[in-house]
Amino acid sequence: MSKPKVAFYWCASCGGCEEAVVDLADAILGVVEAVDIVFWPVALDFKRSDVESLYDGELAACFINGGIRTSEQEEMAALLRRKAQAVIAFGSCSHLGGIPGLANLYSRESILNRVYLEAPSVDNRDRVLPKERSEADEGMLTLPAFSDSVRTLDQTIEVDYYLPGCPPPVTLIVNAVNALLSGNLPPKGTVLTGDKALCSECPRNATKPEKLSLKELKRPHQLIIDSKTCLLNQGVLCLGPATRCGCNAACLSANMPCTGCLGPTSHVKDYGAKALSAIASLLDSNEAEEIATLAQRIPDPAGTFYRYSLPASLLHHRAGNGRT
Amino acid sequence: MVQQPHQRRIKYQAELDSDFGRQIAAMPGGEKVYSCIQCGACSGICPMSIYMDYSPRRIIAMIRAGMKNDALRSQTVWLCASCYACSVICPRQIKITDLMYALKQRAIQEGAYPKRFPIPVLAREFFQTVQRDGRTSEGRLIARVYLRTNPWRLLKQASLGYRLLRHGRMSMRRESIRSREELQTLLRSVG
Amino acid sequence: MDEQFEPKLIGILCNWCSYMAADLVGTSRIRYAPNIRIIRVMCSGRIESQLILWAFRSGADGVLIGGCNPGDCHYQEGNYKALRRVTLLKQMLPQFGIEPERLRLDWICASCAEEMRKTVEGFTAQIRNLGPLRLQTPPLLKPIKIEMEVSRHVEA
Amino acid sequence: MSGFNSSTNGHPPRIGVFICHCGTNIAGKVNVPEVVEFARTLPFVAVAKEYKYMCSDPGQEMIKHDIQQYGLTRLLVAACSPHIHEETFRKVASEASINPFLFQMVNIRELVSWVTEDGHEATEKAKAMIRAAAKRVLFHDELEPKKYPVKPGVVVVGGGIAGIHAALVMADAGERVYLVEREPSIGGHMAMFDKTFPTLDCAACILTPKMTTVRRHPNITVLSYSEVVEVSGFVGNFKVKVKKKPRYVVEEKCVGCYECIEACVFKEPRFPNEFDLGLGKRKPIYVPFPQAVPPVPMIDPETCIQFRTGKCPKGCVNACGDRDGIDFDQKDEIVELEVGGIIVATGFDTFDASRLPYYGYGIYPNVYTGLEVERLLNASGPTGGEVLLRNGQKPQSVGIIHCVGSRDENTNRWCSRVCCMYSLKLAHLMKERTGAEVYNFYIDIRAPGKGYEEFYDRLLQEGVHFIRGKVAEVSDWAMTPDEENRLVIRVEDTLIGMVRRIPVDMVILSVGLEPQRDAQEVTKLFNISCSTGNWFMERHPKLAPVSTMSAGIYLAGACQGPKDIPDTVAQAGAAAAEVLALTHKSVIEVEPNTAFIDERYCSGCQICVGLCPYSAIYYDEEKKVAVLNEPLCLGCGVCAAACPSGAAQQHLFQDEQLYAEIEGALVGVG
Amino acid sequence: MDYLYYPGCSSKGNGIAYEESLKAVFDALDVRMDELPDWNCCGATSYMSVDEWKAVALAARNLGLAERQADGKDGVDMIAACSACYLGLIRAQRYITDYPELGKQVTAGLEAVGISFKNRVRIRHPLDVLMNDIGTERIASRVKHKLAGMKVACYYGCQIVRPYATFDDQQSPVMMDRLMAAIGAETVNWPLKTRCCGGSLSGTVPETGLRLSFILLKEAKKRGADVVATACPLCQFNLECNQGEMRRLFGESLDLPVVYFTQLMGLAFGLPSRALGIQRLFIPLPAHLLSRVQEGGRNVRV
């Protein structure tokens with residue numbers, strides 16, 4: 001019997017997820033042993049036509065990282081969906097939108113203007129903006145369409161499983177691949193990690209005080225962080241309580257707060273809103289002005305609470321009323 | 001004493017302006033006329049009420065009843081010295097002094113004030129002077145009011161005027177501001 | 001605009017003060033604009049950002065939260081917790097192009113019928129002035145849990 | 001997790017929607033038939049019906065019948081506020097064997113028909129709210145009301161006539177009562193009065209026997225000179241901490257002989273007696289008034305030589321002798337009580353007349369408040385019942401000014417309800433005792449009680465003057481010779497239409513009633529609310545006038561609003577009956593809107609632990625999760641809102657239920 | 001500049017001594033007070049009777065001009081010494097906030113003539129500034145000759161505390177009494193200190209208007225006052241200059257001096273009487289009183 005065929009693809013992402021696959025190190029050999037990788041643009045020279053030539057459902061699984069911003073990404077996602085029995089959203093960007101998803105705080109126009117006209121390093125005297133079709137000596141040139149917002153993978157195609165994280169922790173990937181190979185799969189739609197928040201596996205949780213309250217909020221560079229005690233108790237905004245476990249508190253072992261890349265637990269509809277509610281509840285004041293002052297210590301609340309999940313949020317994108 | 005013929009004391013509904021109360025209630029100061037409980041504290045504290053034809057309390061009752069003519073033609077509103085004692089004591093926080101202003105304006109608009117009664121004339125003269133010059137000069141103002149109402153009194157007051165002049169307390173100089181046009185533009189734009 | 005924009009408003013009120021006030025407005029037969037839909041919770045401290053954003057997402061142009069006066073919370077300090085969340089959320093809303101005025105937190109005591117009316121009228125007028133909230137949600141929404149469960153049930 | 005699967009055994013839910021006309025209250029504005037048609041189109045609605053009065057017996061029977069006939073599994077009633085009939089319809093559901101919590105009440109009266117001008121708008125709003133409820137009810141779970149045993153015993157806070165009467169009623173019914181009074185003696189304001197209107201009974205004659213009965217009653221413990229400092233727990237299970245302030249005379253050892261007072265180093269009373277409002281004098285060791293209960297003296301450390309210098313011959317200690325009742329080292333003592341119910345009967349305060357300087361109180365010595373005059377008239381008062389001016393003379397004329405600090409937006413808006421009658425009473429007594437001319441200055445005479453109007457008529461016959469007008473000022477500024485050296489009352493006699501100046505020798509200000517100065521703190525202590533003006537708020541102005549929004553806590557007397565003695569006693573009896581109805585149950589059912597924590601999803605982050613106002617959540621070190629101690633949870637939902645992983649939820653207000661309701665209220669609305 | 005100063009029309013005529021003494025006293029206390037450039041009438045009583053909105057606009061122009069002087073500071077304190085001006089300016093501010101439509105028109109009207117307006121001026125009465133900003137301690141330390149033995153009836157009049165009491169009790173004000181105590185004078189207990197003097201009625205309906213003044217003076221005299229101290233040019237005029245007319249009307253001669261409270265302060269500070277406008281009084285201060293107030297080197301001219 002031939003080995004199951006799998007594909008890897010990337011959309012709007014940074015490439016870190018690909019690195020994570022490479023980081024599997026020894027484990028990757030096992031994977032290669034067990035499956036046949038038929039499509040992996042970052043590592044292997046297969047073309048879109050190769051995928052198109054597969055029959056529908058021929059891929060046992062397809063791992064897609066990155067959010068969906070362009071028409072090309074959308075087409076490829078649809079194509080791979082058709083060819084794969086199981087689609088796994090791989091990494092924060094395809095799971096929740098990820099860092100590129102923060103672009104949803106800006107309109108399409110302002111992004112293009114910024115990148116092609118306004119950025120200090122740009123030299124574009126003719127004020128040329130990319131166009132989907134442009135005449136050239138060589139004939140008609142085309143570019144993928146740049147859509148209005150970044151979408152998560154499951155806002156584009158049906159997704160079977162999610163491998164969360166930025167990038168997904170190695171153990172989670174290995175467990176996922178093993179589950180796929182063994183056919184021992186959880187219900188469709190599952191996020192392939194535990195369904196508790198990070199505090200459950202954080203060694204610092206034992207140091208939580210009886211009543212947690214935030215008298216002040218500091219950013220990591222503004223203090224010397226004690227390496228043993230709970231960061232919230234030190235006044236550092238750690239999103240561990242709101243974020244899924246599975247990374248073994250990796251950032252915390254590097255003495256940095258959790259920023260939420262594994263996303264919410266299954267009982268939370270909107271990661272950022274819920275994290276905001278939890279953190280705000282802890283602000284240690286009952287005076288409106290004092291609360292406002294404390295809240296202002298979080299200079300960029302959207303970026304803080306939705307760092308990895310803006311497109312998956314209830315609001316998804318900046319409202320149309322706004323001017324910017 | 002001369003026996004007065006019996007004066008009829010009755011008000012027919014047809015003589016009333018049923019909308020008058022609402023109109024006054026819509027003017028600054030009139031907001032709370034419908035809150036009045038007729039306790040009379042305003043009239044009790046008012047230093048002038050003993051000279052008025054209707055006490056402030058009765059004026060409010062008349063407004064609510066729609067007795068527009070009687071209210072506007074009463075001397076009461078013109079005898080109000082704007083001391084605000086009533087506004088402060090009113091248990092319903094009716095701004096009675098401001099209400100009197102509202103009635104004065106209505107009376108002047110409708111030409112319904114007591115004729116040759118000097119106060120409305122003073123008001124009008126004052127208004128015109130300020131409208132023109134931006135300031136008033138007391139001496140000139142008083143002289144003009146007396147001329148228009150009771151020239152005889154001006155003569156009687158002459159000695160007082162003389163004393164004021166002598167003590168440097170009155171000038172017949174016309175006071176005026178620099179930006180008179182600016183002021184007039186402003187005043188035209190409001191109202 | 002030919003026709004006056006009629007905003008859709010959600011009011012989430014605490015059981016003990018602001019909902020009582022809303023009841024009292026009714027028993028006092030005081031009229032107010034019909035735009036608001038009132039949801040009752042036990043305490044404003046139960047209200048959190050997900051509910052508020054969900055209301056916006058579901059089409060609300062404004063969300064009013066009513067709690068007890070400071071110090072009067074039936075559950076000691078729930079209203080302060082609401083205040084903390086609303087303060088931080090209001091700080092974030094402009095980043096999403098949402099005017100913070102679309103979210104309003106008011107303390108309305110159980111006997112404050114007139115204040116309740118004023119609040120609702122004022123809020124309705126304010127949101128009417130702001131115009132509709134135009135959210136840009138993607139064409140293919142992540143299937144929300146409710147629909148999944150309902151549809152699952154229908155299959156069953 | 002929530003969801004309707006669990007409770008319907010996999011069968012699709014069947015919702016019944018019942019829409020009430022409430023006579024014309026709803027149907028006069030909302031197009032009910034249209035709403036019924038609309039309800040029928042909603043998912044899972046099996047039946048939708050309307051009825052004139054859904055809360056009536058036929059209405060209830062119809063619902064029960066339809067539940068059986070249509071096999072309904074969820075129930076929705078659109079009618080009035082859940083605060084009025086939620087319980088009624090839950091019972092209906094329950095009797096028709098649907099779990100009562102698979103029911104949702106939609107308030108289309110208070111929130112719709114009564115507040116909406118336009119009929120079409122009202123109809124649309126009613127539809128939206130019904131759609132919201134129909135979505136929400138799908139996510140309801142079967143719940144059982146929480147049941148807790150009820151502890152016996154009642155704390156009555158306030159030992160005025162309200163507290164005394166309530167305590168006696170309950171004690172006679174066999175209930176254990178703790179009567180807490182912050183003054184040294186029970187009796188309250190009534191003990192200060194001379195006579196009571198309109199019957200002119202002597203206040204002491206009708207009150208002191210009751211006070212004595214309280215003291216002797218085996219079921220009543222009087223905690224005088226004591227204050228409630230903490231209340232925790234919930235209906236049927238309150239814990240009340242009471243602070244007993246030191247009297248420096250040991251209550252248990254005192255026999256009430258008062259020899260200590262006799263023996264005090266101060267031979268004559270020198271210090272203003274609080275009970276006589278400073279008009280009389282007392283010693284540093286004293287009983288506030290002769291009939292005080294308990295009849296135990298107390299020492300005022302502010303004036304006692306021993307406390308001030310430590311060098312007193314201590315006549316009191318010697319006089320007490322072997323009984324050893326004096327204890328200068330007495331400290332605050334905290335008593336902890338466990339009871340099933342609480343009656344708050346903290347009474348009122350009188351308006352501070354010095355807030356209105358134009359009435360001259362505190363400026364002119366012969367301006368008194370009504371309460372001060374009660375003491376002057378009282379036979380056991382500072383003057384032995386003789387009414388004398390400060391210069392020792394009898395007044396020839398007296399002006400009584402009504403509505404001082406009442407019916408006035410600058411002070412208190414309300415009518416204090418008792419001032420007219422007590423002014424009439426004082427007018428009668430003044431006339432009777434001094435023969436003076438008595439002038440009453442009133443805005444309106446309010447005499448609506450039994451025998452009150454008759455009393456007013458009696459006063460008119462007695463020749464007391466009544467002048468309709470709110471007094472503008474009291475001054476010592478004379479315009480005429482007969483005004484010299486007297487107080488002049490200036491007023492518009494509104495019936496004559498003239499301003500009058502009336503010189504009098506004495507002015508009595510009929511000060512209004514106000515909530516106790518610390519009413520706000522008391523509400524916080526007992527978790528009850530205040531209505532406008534800080535009077536304590538009843539659960540319903542007509543149907544639950546002695547209950548509060550906090551189950552198990554009841555109101556009696558003037559703390560709820562100005563009241564005269566008959567009304568106070570009636571209300572105290574009502575409160576006593578309500579408490580007895582509670583404590584005579586063996587168990588109490590409590591709304592199951594408590595929180596719950598699904599430990600499968602709890603990461604043990606403990607955010608909820610610190611936020612819970614009742615310390616109902618603790619962290620289980622073994623399991624590393626937060627655990628709810630359910631009996632302590634009062635169901636605010638703060639934990640559910642703050643839980644960052646959604647593990648903490650609140651019954652009846654779960655996330656999914658609220659999402660469904662919000663969405664239903666909005667989506668599809670025109 | 002410590003304060004802006006709004007003089008009002010009276011200060012250039014009948015009330016000139018008020019302005020003179022006020023300036024002298026403020027100078028002596030080292031408090032700077034700059035006159036508002038090109039101020040106009042406050043829109044007082046009479047104007048209000050004709051057109052309320054224009055009256056508010058009139059007052060608002062002064063407020064706008066004051067804001068211009070604020071040099072970008074958030075708000076500015078402007079002293080209005082005349083009671084009618086004080087009230088007129090404050091009332092305009094209240095009307096602008098209480099009646100938004102009026103506020104909108106006035107603000108727009110001002111902007112159209114180039115005056116930006118935010119309604120941020122604080123209108124202050126000299127009594128308010130003296131008692132609450134400068135304080136009795138500083139005032140007392142400046143006193144050279146205590147006005148010992150001088151019995152003063154403090155007359156506040158109506159409009160500085162009513163209806164918008166901002167710095168004193170509206171029913172029984174005390175600031176002037178305390179100020180007089182600070183300069184060593186004795187004040188008489190007098191229940192009429194806020195009762196109306198008849199205001200503008202004394203000129204228009206003298207028989208009734210003057211009666212009010214007469215009652216006040218008579219009672220002050222009865223209670224042993226040597227002098228009445230006022231804080232308003234109109235009150236001072238009514239109470240002092242009309243005493244002759246009162247004698248004619250009511251047949252009783254009062255001869256009670258009526259001065260501005262600032263004049264008494266100046267005397268206590270030892271300032272030259274001319275600088276205080278003492279010579280402008282119709283009824284001179286009795287020599288026996290003045291003689292107790294030693295004047296620095298010069299004789300008091302009466």
# chains A, B, ... in the order shown; residues from 1 in each chain; ligands from 1

$ residues_around --residues "C:Arg128" --least-positions-apart "3" --cutoff "8 Å" --atoms "only C-alpha atoms" --output "PyMOL selection string"
chain C and resi 5-7+124-125+131-132

$ write_last_selection --atoms "all heavy atoms" --output "mmCIF file, in the first residue's frame"
data_model
loop_
_atom_site.group_PDB
_atom_site.id
_atom_site.type_symbol
_atom_site.label_atom_id
_atom_site.label_comp_id
_atom_site.auth_asym_id
_atom_site.auth_seq_id
_atom_site.Cartn_x
_atom_site.Cartn_y
_atom_site.Cartn_z
ATOM 1 N N PHE C 5 -32.462 57.878 10.356
ATOM 2 C CA PHE C 5 -31.885 56.601 10.737
ATOM 3 C C PHE C 5 -32.359 56.214 12.130
ATOM 4 O O PHE C 5 -32.286 57.000 13.070
ATOM 5 C CB PHE C 5 -30.354 56.718 10.694
ATOM 6 C CG PHE C 5 -29.640 55.707 11.534
ATOM 7 C CD1 PHE C 5 -29.733 54.351 11.231
ATOM 8 C CD2 PHE C 5 -28.883 56.096 12.637
ATOM 9 C CE1 PHE C 5 -29.079 53.418 12.011
ATOM 10 C CE2 PHE C 5 -28.225 55.169 13.415
ATOM 11 C CZ PHE C 5 -28.331 53.822 13.105
ATOM 12 N N GLU C 6 -32.900 55.027 12.256
ATOM 13 C CA GLU C 6 -33.355 54.545 13.560
ATOM 14 C C GLU C 6 -32.378 53.513 14.097
ATOM 15 O O GLU C 6 -32.297 52.398 13.598
ATOM 16 C CB GLU C 6 -34.763 53.937 13.445
ATOM 17 C CG GLU C 6 -35.857 54.982 13.352
ATOM 18 C CD GLU C 6 -35.841 55.982 14.504
ATOM 19 O OE1 GLU C 6 -35.381 55.624 15.609
ATOM 20 O OE2 GLU C 6 -36.262 57.137 14.289
ATOM 21 N N PRO C 7 -31.610 53.887 15.088
ATOM 22 C CA PRO C 7 -30.585 52.952 15.572
ATOM 23 C C PRO C 7 -31.213 51.760 16.295
ATOM 24 O O PRO C 7 -32.316 51.845 16.821
ATOM 25 C CB PRO C 7 -29.787 53.809 16.563
ATOM 26 C CG PRO C 7 -30.693 54.896 16.981
ATOM 27 C CD PRO C 7 -31.618 55.149 15.836
ATOM 28 N N THR C 124 -30.346 57.263 22.581
ATOM 29 C CA THR C 124 -30.928 57.051 21.252
ATOM 30 C C THR C 124 -30.586 58.225 20.337
ATOM 31 O O THR C 124 -30.168 58.024 19.189
ATOM 32 C CB THR C 124 -32.465 56.898 21.358
ATOM 33 O OG1 THR C 124 -32.761 55.932 22.367
ATOM 34 C CG2 THR C 124 -33.053 56.438 20.050
ATOM 35 N N ALA C 125 -30.736 59.426 20.870
ATOM 36 C CA ALA C 125 -30.446 60.601 20.048
ATOM 37 C C ALA C 125 -28.969 60.629 19.656
ATOM 38 O O ALA C 125 -28.612 60.921 18.512
ATOM 39 C CB ALA C 125 -30.812 61.863 20.816
ATOM 40 N N GLY C 131 -25.068 57.776 13.464
ATOM 41 C CA GLY C 131 -25.371 56.980 12.283
ATOM 42 C C GLY C 131 -25.126 55.516 12.539
ATOM 43 O O GLY C 131 -24.671 55.119 13.618
ATOM 44 N N PRO C 132 -25.437 54.676 11.538
ATOM 45 C CA PRO C 132 -25.316 53.233 11.751
ATOM 46 C C PRO C 132 -23.863 52.802 11.928
ATOM 47 O O PRO C 132 -22.947 53.438 11.414
ATOM 48 C CB PRO C 132 -25.911 52.628 10.477
ATOM 49 C CG PRO C 132 -25.919 53.720 9.475
ATOM 50 C CD PRO C 132 -25.945 55.019 10.212
#

$ residues_around --residues "D:Ile528" --least-positions-apart "5" --cutoff "8 Å" --atoms "only C-alpha atoms" --output "ChimeraX atom specification"
/C:74 /D:523,536-537,548-550

$ atom_distance --atom1 "atom CA of D:Val507" --atom2 "atom CA of B:Ile50"
23.7 Å

$ residues_around --residues "D:Gly463" --least-positions-apart "6" --cutoff "10 Å" --atoms "only C-alpha atoms" --output "list in words"
His428, Lys431, Glu437, Val438 and Tyr439 of chain D

$ interface_residues --of "chain B" --to "chain E" --cutoff "6 Å" --atoms "only C-alpha atoms" --output "ChimeraX atom specification"
/B:81,83-84,88,101,104-105,118,123,127,134-135,167,169-170,177,186-187,189-191

$ closest_residue --among "D:His402, D:Arg109, D:His217, D:Lys135" --to "D:His21" --atoms "only C-alpha atoms"
D:Arg109

$ interface_residues --of "chain D" --to "chain B" --cutoff "9 Å" --atoms "only C-alpha atoms" --output "ChimeraX atom specification"
/D:406-411,413,442-444,468-473,490-494,497-500

$ residues_around --residues "B:Gly66" --least-positions-apart "6" --cutoff "10 Å" --atoms "only C-alpha atoms" --output "JSON, numbers by chain"
{"B": [13, 15, 16, 17, 18, 19, 20, 21, 22, 23, 60]}

$ residues_around --residues "D:Thr568" --least-positions-apart "5" --cutoff "9 Å" --atoms "only C-alpha atoms" --output "number ranges by chain"
D: 161-162, 556-558, 563, 573

$ write_last_selection --atoms "N, CA and C atoms" --output "mmCIF file, in the first residue's frame"
data_model
loop_
_atom_site.group_PDB
_atom_site.id
_atom_site.type_symbol
_atom_site.label_atom_id
_atom_site.label_comp_id
_atom_site.auth_asym_id
_atom_site.auth_seq_id
_atom_site.Cartn_x
_atom_site.Cartn_y
_atom_site.Cartn_z
ATOM 1 N N ILE D 161 -40.936 52.194 68.200
ATOM 2 C CA ILE D 161 -42.220 51.508 68.302
ATOM 3 C C ILE D 161 -42.340 50.420 67.238
ATOM 4 N N ALA D 162 -41.768 50.633 66.062
ATOM 5 C CA ALA D 162 -41.847 49.613 65.010
ATOM 6 C C ALA D 162 -41.123 48.347 65.449
ATOM 7 N N ALA D 556 -39.828 47.857 58.545
ATOM 8 C CA ALA D 556 -40.972 48.267 59.349
ATOM 9 C C ALA D 556 -40.790 49.709 59.767
ATOM 10 N N GLY D 557 -41.850 50.469 59.680
ATOM 11 C CA GLY D 557 -41.857 51.821 60.224
ATOM 12 C C GLY D 557 -41.303 52.867 59.290
ATOM 13 N N ALA D 558 -40.892 53.973 59.885
ATOM 14 C CA ALA D 558 -40.579 55.175 59.123
ATOM 15 C C ALA D 558 -39.278 55.088 58.343
ATOM 16 N N LYS D 563 -44.180 58.070 58.413
ATOM 17 C CA LYS D 563 -45.360 57.318 58.853
ATOM 18 C C LYS D 563 -45.755 57.766 60.241
ATOM 19 N N GLY D 573 -46.364 44.918 62.353
ATOM 20 C CA GLY D 573 -47.060 43.647 62.451
ATOM 21 C C GLY D 573 -46.956 42.859 61.157
#

$ interface_residues --of "chain E" --to "chain D" --cutoff "12 Å" --atoms "only C-alpha atoms" --output "list in words"
Asp169, Gln170, Gln171, Ser172, Pro173, Asn189, Trp190, Pro191, Leu192, Lys193, Thr194, Arg195, Phe214, Ile215, Leu216, Lys218, Glu219, Ala220, Lys222 and Arg223 of chain E

$ interface_residues --of "chain A" --to "chain D" --cutoff "6 Å" --atoms "only C-alpha atoms" --output "PyMOL selection string"
chain A and resi 196-197+199-200+211-212+241-242+265+267-268+274-275+277-278

$ closest_atom_pairs --of "chain A" --to "chain C" --cutoff "7 Å" --atoms "only C-alpha atoms" --output "tab-separated table"
residue	atom	partner	partner_atom	distance
A:Leu105	CA	C:Phe96	CA	6.0
A:Asp154	CA	C:Lys142	CA	6.2
A:Gln155	CA	C:Leu140	CA	5.0
A:Thr156	CA	C:Leu140	CA	6.2
A:Asp270	CA	C:Gln50	CA	6.3
A:Ala273	CA	C:Ser49	CA	5.1
A:Lys274	CA	C:Gln50	CA	6.0
A:Ser277	CA	C:Arg85	CA	5.5
A:Ala280	CA	C:Arg85	CA	4.9
A:Ser281	CA	C:Lys81	CA	5.4
A:Leu283	CA	C:Arg84	CA	6.7
A:Asn286	CA	C:Tyr80	CA	5.6
A:Ile291	CA	C:Arg84	CA	6.2
A:Ala292	CA	C:Thr87	CA	6.2
A:Ala295	CA	C:Leu88	CA	5.5
A:Pro301	CA	C:Met92	CA	5.4
A:Ala302	CA	C:Met92	CA	5.8
A:Leu314	CA	C:Arg57	CA	6.1
A:Leu315	CA	C:Arg57	CA	6.3
A:His316	CA	C:Thr137	CA	5.8
A:His317	CA	C:Gln136	CA	5.7
A:Arg318	CA	C:Phe96	CA	4.2
A:Ala319	CA	C:Leu135	CA	4.4
A:Gly320	CA	C:Arg134	CA	4.9
A:Asn321	CA	C:Arg134	CA	5.9
A:Gly322	CA	C:Gly97	CA	4.2

$ decode --residues "stretch 225-240 of chain E" --atoms "N, CA and C atoms" --output "PDB file, in the first residue's frame"
ATOM      1  N   ALA E 225     -26.026 101.237  64.255  1.00  0.00           N
ATOM      2  CA  ALA E 225     -24.962 101.324  63.247  1.00  0.00           C
ATOM      3  C   ALA E 225     -24.490 102.771  63.100  1.00  0.00           C
ATOM      4  N   ASP E 226     -23.159 102.950  62.994  1.00  0.00           N
ATOM      5  CA  ASP E 226     -22.596 104.251  62.687  1.00  0.00           C
ATOM      6  C   ASP E 226     -22.556 104.475  61.184  1.00  0.00           C
ATOM      7  N   VAL E 227     -22.465 103.371  60.496  1.00  0.00           N
ATOM      8  CA  VAL E 227     -22.268 103.472  59.056  1.00  0.00           C
ATOM      9  C   VAL E 227     -22.781 102.187  58.415  1.00  0.00           C
ATOM     10  N   VAL E 228     -23.279 102.338  57.180  1.00  0.00           N
ATOM     11  CA  VAL E 228     -23.691 101.148  56.430  1.00  0.00           C
ATOM     12  C   VAL E 228     -22.629 100.905  55.366  1.00  0.00           C
ATOM     13  N   ALA E 229     -22.185  99.655  55.262  1.00  0.00           N
ATOM     14  CA  ALA E 229     -21.210  99.315  54.226  1.00  0.00           C
ATOM     15  C   ALA E 229     -21.915  98.556  53.113  1.00  0.00           C
ATOM     16  N   THR E 230     -21.672  98.965  51.881  1.00  0.00           N
ATOM     17  CA  THR E 230     -22.334  98.308  50.756  1.00  0.00           C
ATOM     18  C   THR E 230     -21.309  97.745  49.789  1.00  0.00           C
ATOM     19  N   ALA E 231     -21.829  96.943  48.870  1.00  0.00           N
ATOM     20  CA  ALA E 231     -20.966  96.342  47.857  1.00  0.00           C
ATOM     21  C   ALA E 231     -21.570  96.541  46.478  1.00  0.00           C
ATOM     22  N   CYS E 232     -22.300  97.624  46.293  1.00  0.00           N
ATOM     23  CA  CYS E 232     -22.973  97.790  45.009  1.00  0.00           C
ATOM     24  C   CYS E 232     -23.243  99.277  44.795  1.00  0.00           C
ATOM     25  N   PRO E 233     -22.901  99.797  43.614  1.00  0.00           N
ATOM     26  CA  PRO E 233     -23.085 101.234  43.362  1.00  0.00           C
ATOM     27  C   PRO E 233     -24.547 101.662  43.445  1.00  0.00           C
ATOM     28  N   LEU E 234     -25.456 100.804  42.978  1.00  0.00           N
ATOM     29  CA  LEU E 234     -26.854 101.197  42.996  1.00  0.00           C
ATOM     30  C   LEU E 234     -27.384 101.253  44.428  1.00  0.00           C
ATOM     31  N   CYS E 235     -27.008 100.266  45.226  1.00  0.00           N
ATOM     32  CA  CYS E 235     -27.425 100.262  46.625  1.00  0.00           C
ATOM     33  C   CYS E 235     -26.869 101.501  47.319  1.00  0.00           C
ATOM     34  N   GLN E 236     -25.618 101.786  47.061  1.00  0.00           N
ATOM     35  CA  GLN E 236     -24.996 102.924  47.733  1.00  0.00           C
ATOM     36  C   GLN E 236     -25.733 104.203  47.373  1.00  0.00           C
ATOM     37  N   PHE E 237     -26.054 104.335  46.101  1.00  0.00           N
ATOM     38  CA  PHE E 237     -26.766 105.532  45.639  1.00  0.00           C
ATOM     39  C   PHE E 237     -28.132 105.618  46.306  1.00  0.00           C
ATOM     40  N   ASN E 238     -28.864 104.523  46.241  1.00  0.00           N
ATOM     41  CA  ASN E 238     -30.206 104.520  46.822  1.00  0.00           C
ATOM     42  C   ASN E 238     -30.169 104.888  48.290  1.00  0.00           C
ATOM     43  N   LEU E 239     -29.245 104.255  48.998  1.00  0.00           N
ATOM     44  CA  LEU E 239     -29.245 104.414  50.446  1.00  0.00           C
ATOM     45  C   LEU E 239     -28.686 105.759  50.871  1.00  0.00           C
ATOM     46  N   GLU E 240     -27.749 106.289  50.084  1.00  0.00           N
ATOM     47  CA  GLU E 240     -27.127 107.531  50.516  1.00  0.00           C
ATOM     48  C   GLU E 240     -27.746 108.771  49.880  1.00  0.00           C
TER      49      GLU E 240
END
